[in-house]
Amino acid sequence: MSKSNPFKTTVGRKVIMAVSGILLMLFLIVHLAGNLTLFVPDGGEMFNKYAYTLESLGPLLYLAEAGLLAIFLFHIITAFQVHYEKKKARTDRYAVEASKGGPSKKTIASRSMIITGIILLVFIPLHIWMFKYNAGEPYPKVMVDETEMKDIYGAVYGAFKRPGVVAFYTTVMFLLGFHLRHGFWSALQSLGAMNPRWTPLVYAGGFVFALLLAGGFLILPLYFYFFVEVPVAVSGGAM
């Protein structure tokens, strides 16, 4: 007698969503760490060197990007599946949605996960198109330590001097914080790593994690818009 595939059940899908979510959070930590080199007041040399080093990985970078895309797709697909199953199983559509306390932790962040997820789904291709591909335009070159490399710092500078781009990015990063706040706690719960005694601590940890991570990304466009005034080559396409 064959056993049913556990990953086709709601519990199994929640596990996939939790594991993929944790991997994506780890990626965001690494991504933010690299982006923090934008704060170094050297006219973008360190950030351009960081980007150049990544590109120099060649096939390894493509493999990492393919793996990241696969993780992202797993997370999206299972998230929509779980959301649909919850909606289908809901018997009382008119119940008042409020936090039940304890392990439920029903909040604005939890109720808006699918909405913030869709917004992030739209944002990510735009972000990649703007900065990885310079909105379809050839990247200007700069010389750093006698090595010619793309002036990606210039693209960031140019983009974040546009009020519309800054407003868009800060809004999305604010929503990312909401998504991470619930996702951090929910992932641990789905993996069975939650002890009722730890719930307040883990929930507070999720808030701090979301605040630091989303806040780190959010402050970058504001920093460039209000404080950075350097004579760099402005590149980067409009959104």
# chains A, B, ... in the order shown; residues from 1 in each chain; ligands from 1

call {"tool": "residues_around", "arguments": {"residues": "A:Gly216", "least_positions_apart": "6", "cutoff": "10 Å", "atoms": "only C-alpha atoms", "output": "CSV table (one decimal) with N, CA and C atoms, in the first residue's frame"}}
result
chain,number,residue,atom,x,y,z
A,29,ILE,N,19.9,38.5,4.4
A,29,ILE,CA,21.0,38.9,5.3
A,29,ILE,C,22.3,39.2,4.6
A,32,LEU,N,22.0,42.2,2.2
A,32,LEU,CA,22.1,43.5,2.9
A,32,LEU,C,23.5,43.7,3.3
A,33,ALA,N,24.2,42.7,3.8
A,33,ALA,CA,25.6,42.9,4.2
A,33,ALA,C,26.4,43.4,3.0
A,35,ASN,N,25.2,45.2,0.5
A,35,ASN,CA,24.7,46.5,0.2
A,35,ASN,C,25.2,47.6,1.2
A,36,LEU,N,25.5,47.1,2.4
A,36,LEU,CA,26.0,48.1,3.4
A,36,LEU,C,27.3,48.7,3.0
A,173,MET,N,9.9,48.3,1.1
A,173,MET,CA,10.7,47.8,2.2
A,173,MET,C,9.9,47.8,3.5
A,210,ALA,N,12.8,41.7,11.6
A,210,ALA,CA,12.2,42.4,10.5
A,210,ALA,C,12.6,43.9,10.5

call {"tool": "residues_around", "arguments": {"residues": "A:Glu55", "least_positions_apart": "2", "cutoff": "12 Å", "atoms": "only C-alpha atoms", "output": "PyMOL selection string"}}
result
chain A and resi 48-53+57-62+64-65+132+149-150+152

call {"tool": "write_last_selection", "arguments": {"atoms": "N, CA, C and O atoms", "output": "tab-separated table (two decimals), in the first residue's frame"}}
result
chain	number	residue	atom	x	y	z
A	48	ASN	N	31.53	48.78	-5.89
A	48	ASN	CA	31.80	48.30	-7.24
A	48	ASN	C	32.74	47.09	-7.23
A	48	ASN	O	32.59	46.16	-8.03
A	49	LYS	N	33.70	47.10	-6.30
A	49	LYS	CA	34.60	45.94	-6.17
A	49	LYS	C	33.84	44.72	-5.67
A	49	LYS	O	34.10	43.60	-6.12
A	50	TYR	N	32.90	44.95	-4.76
A	50	TYR	CA	32.06	43.84	-4.26
A	50	TYR	C	31.25	43.24	-5.41
A	50	TYR	O	31.20	42.02	-5.58
A	51	ALA	N	30.61	44.10	-6.22
A	51	ALA	CA	29.81	43.62	-7.35
A	51	ALA	C	30.70	42.93	-8.39
A	51	ALA	O	30.32	41.89	-8.96
A	52	TYR	N	31.88	43.47	-8.61
A	52	TYR	CA	32.82	42.88	-9.57
A	52	TYR	C	33.26	41.49	-9.11
A	52	TYR	O	33.39	40.55	-9.91
A	53	THR	N	33.50	41.34	-7.82
A	53	THR	CA	33.90	40.05	-7.26
A	53	THR	C	32.82	39.01	-7.47
A	53	THR	O	33.10	37.85	-7.83
A	57	LEU	N	32.73	35.36	-10.27
A	57	LEU	CA	32.48	33.95	-9.94
A	57	LEU	C	32.01	33.16	-11.15
A	57	LEU	O	32.06	31.93	-11.15
A	58	GLY	N	31.52	33.87	-12.18
A	58	GLY	CA	31.13	33.22	-13.42
A	58	GLY	C	30.05	32.17	-13.24
A	58	GLY	O	28.97	32.45	-12.71
A	59	PRO	N	30.30	30.92	-13.67
A	59	PRO	CA	29.29	29.85	-13.58
A	59	PRO	C	28.76	29.61	-12.17
A	59	PRO	O	27.61	29.23	-11.99
A	60	LEU	N	29.61	29.82	-11.17
A	60	LEU	CA	29.17	29.63	-9.79
A	60	LEU	C	28.07	30.62	-9.43
A	60	LEU	O	27.11	30.28	-8.72
A	61	LEU	N	28.20	31.85	-9.93
A	61	LEU	CA	27.17	32.85	-9.68
A	61	LEU	C	25.86	32.45	-10.35
A	61	LEU	O	24.80	32.57	-9.76
A	62	TYR	N	25.95	31.96	-11.61
A	62	TYR	CA	24.74	31.54	-12.32
A	62	TYR	C	24.07	30.36	-11.61
A	62	TYR	O	22.84	30.29	-11.53
A	64	ALA	N	24.26	29.73	-8.37
A	64	ALA	CA	23.65	30.28	-7.15
A	64	ALA	C	22.35	31.00	-7.48
A	64	ALA	O	21.36	30.87	-6.75
A	65	GLU	N	22.33	31.75	-8.57
A	65	GLU	CA	21.12	32.47	-8.97
A	65	GLU	C	20.00	31.50	-9.35
A	65	GLU	O	18.84	31.73	-9.03
A	132	LYS	N	20.61	44.95	-11.88
A	132	LYS	CA	21.45	43.91	-12.50
A	132	LYS	C	21.64	44.19	-13.99
A	132	LYS	O	22.72	43.99	-14.54
A	149	MET	N	35.64	48.02	-14.35
A	149	MET	CA	34.45	47.31	-13.87
A	149	MET	C	33.22	48.18	-14.05
A	149	MET	O	33.32	49.38	-14.32
A	150	LYS	N	32.05	47.56	-13.93
A	150	LYS	CA	30.79	48.28	-14.09
A	150	LYS	C	30.62	49.29	-12.94
A	150	LYS	O	30.94	48.99	-11.79
A	152	ILE	N	28.20	50.19	-10.96
A	152	ILE	CA	26.88	49.90	-10.40
A	152	ILE	C	26.54	50.90	-9.30
A	152	ILE	O	25.38	51.25	-9.09

call {"tool": "atom_distance", "arguments": {"atom1": "atom CA of A:Val82", "atom2": "atom CA of A:Ile124"}}
result
21.7 Å

call {"tool": "residues_around", "arguments": {"residues": "A:Gly205", "least_positions_apart": "6", "cutoff": "9 Å", "atoms": "only C-alpha atoms", "output": "ChimeraX atom specification"}}
result
/A:181,184-185

call {"tool": "write_last_selection", "arguments": {"atoms": "N, CA and C atoms", "output": "PDB file, in the first residue's frame"}}
result
ATOM      1  N   ARG A 181       8.140  39.958   9.564  1.00  0.00           N
ATOM      2  CA  ARG A 181       7.752  39.866  10.969  1.00  0.00           C
ATOM      3  C   ARG A 181       6.932  38.601  11.225  1.00  0.00           C
ATOM      4  N   PHE A 184       8.992  35.093   9.998  1.00  0.00           N
ATOM      5  CA  PHE A 184      10.002  34.583  10.936  1.00  0.00           C
ATOM      6  C   PHE A 184       9.354  33.662  11.958  1.00  0.00           C
ATOM      7  N   TRP A 185       8.286  34.144  12.557  1.00  0.00           N
ATOM      8  CA  TRP A 185       7.604  33.382  13.600  1.00  0.00           C
ATOM      9  C   TRP A 185       6.881  32.174  13.018  1.00  0.00           C
TER      10      TRP A 185
END

call {"tool": "select_by_dssp", "arguments": {"residues": "stretch 58-198 of chain A", "states": "strand (DSSP E)", "output": "PyMOL selection string"}}
result
chain A and resi 141-144+147-150

call {"tool": "closest_residue", "arguments": {"among": "A:Lys8, A:Lys161, A:Arg111, A:Lys14", "to": "A:Glu229", "atoms": "only C-alpha atoms"}}
result
A:Lys161

call {"tool": "atom_distance", "arguments": {"atom1": "atom CA of A:Ala79", "atom2": "atom CA of A:Gly67"}}
result
18.2 Å

call {"tool": "residues_around", "arguments": {"residues": "A:Leu212", "least_positions_apart": "5", "cutoff": "10 Å", "atoms": "only C-alpha atoms", "output": "NGL selection string"}}
result
:A and (29 or 177 or 206-207 or 217-218)

call {"tool": "decode", "arguments": {"residues": "stretch 182-201 of chain A", "atoms": "N, CA, C and O atoms", "output": "CSV table (one decimal), in the first residue's frame"}}
result
chain,number,residue,atom,x,y,z
A,182,HIS,N,6.0,38.4,10.4
A,182,HIS,CA,5.1,37.2,10.6
A,182,HIS,C,5.9,35.9,10.0
A,182,HIS,O,5.8,34.9,10.6
A,183,GLY,N,6.6,36.1,8.9
A,183,GLY,CA,7.2,34.9,8.3
A,183,GLY,C,8.3,34.3,9.2
A,183,GLY,O,8.4,33.1,9.3
A,184,PHE,N,9.0,35.1,10.0
A,184,PHE,CA,10.0,34.6,10.9
A,184,PHE,C,9.4,33.7,12.0
A,184,PHE,O,9.8,32.5,12.2
A,185,TRP,N,8.3,34.1,12.6
A,185,TRP,CA,7.6,33.4,13.6
A,185,TRP,C,6.9,32.2,13.0
A,185,TRP,O,6.9,31.1,13.6
A,186,SER,N,6.2,32.4,11.9
A,186,SER,CA,5.4,31.3,11.3
A,186,SER,C,6.3,30.2,10.8
A,186,SER,O,5.9,29.0,10.9
A,187,ALA,N,7.5,30.5,10.3
A,187,ALA,CA,8.4,29.4,9.8
A,187,ALA,C,8.8,28.5,10.9
A,187,ALA,O,8.8,27.2,10.8
A,188,LEU,N,9.1,29.0,12.1
A,188,LEU,CA,9.5,28.2,13.2
A,188,LEU,C,8.4,27.4,13.7
A,188,LEU,O,8.5,26.2,14.1
A,189,GLN,N,7.2,28.0,13.7
A,189,GLN,CA,6.0,27.2,14.1
A,189,GLN,C,5.7,26.1,13.2
A,189,GLN,O,5.4,25.0,13.6
A,190,SER,N,5.8,26.3,11.9
A,190,SER,CA,5.6,25.2,10.9
A,190,SER,C,6.5,24.1,11.0
A,190,SER,O,6.2,22.9,10.7
A,191,LEU,N,7.8,24.4,11.4
A,191,LEU,CA,8.8,23.3,11.5
A,191,LEU,C,8.8,22.7,12.9
A,191,LEU,O,9.6,21.8,13.2
A,192,GLY,N,7.8,23.0,13.7
A,192,GLY,CA,7.6,22.4,15.0
A,192,GLY,C,8.7,22.8,16.0
A,192,GLY,O,9.0,22.1,17.0
A,193,ALA,N,9.3,24.0,15.8
A,193,ALA,CA,10.4,24.4,16.7
A,193,ALA,C,10.0,25.4,17.7
A,193,ALA,O,10.8,26.0,18.4
A,194,MET,N,8.6,25.5,17.9
A,194,MET,CA,8.1,26.4,18.9
A,194,MET,C,7.7,25.7,20.1
A,194,MET,O,6.9,24.8,20.1
A,195,ASN,N,8.2,26.2,21.2
A,195,ASN,CA,7.8,25.8,22.6
A,195,ASN,C,6.9,26.9,23.1
A,195,ASN,O,7.3,28.1,23.0
A,196,PRO,N,5.7,26.6,23.7
A,196,PRO,CA,4.8,27.7,24.2
A,196,PRO,C,5.5,28.7,25.1
A,196,PRO,O,5.2,29.9,25.1
A,197,ARG,N,6.5,28.2,25.8
A,197,ARG,CA,7.2,29.1,26.7
A,197,ARG,C,8.1,30.1,26.0
A,197,ARG,O,8.4,31.2,26.5
A,198,TRP,N,8.5,29.7,24.7
A,198,TRP,CA,9.4,30.6,24.0
A,198,TRP,C,8.6,31.6,23.1
A,198,TRP,O,9.2,32.5,22.5
A,199,THR,N,7.3,31.4,23.0
A,199,THR,CA,6.5,32.2,22.0
A,199,THR,C,6.7,33.7,22.2
A,199,THR,O,7.0,34.4,21.2
A,200,PRO,N,6.6,34.3,23.4
A,200,PRO,CA,6.9,35.7,23.5
A,200,PRO,C,8.3,36.2,23.0
A,200,PRO,O,8.4,37.2,22.3
A,201,LEU,N,9.3,35.3,23.3
A,201,LEU,CA,10.7,35.7,22.9
A,201,LEU,C,10.8,35.6,21.4
A,201,LEU,O,11.4,36.4,20.8
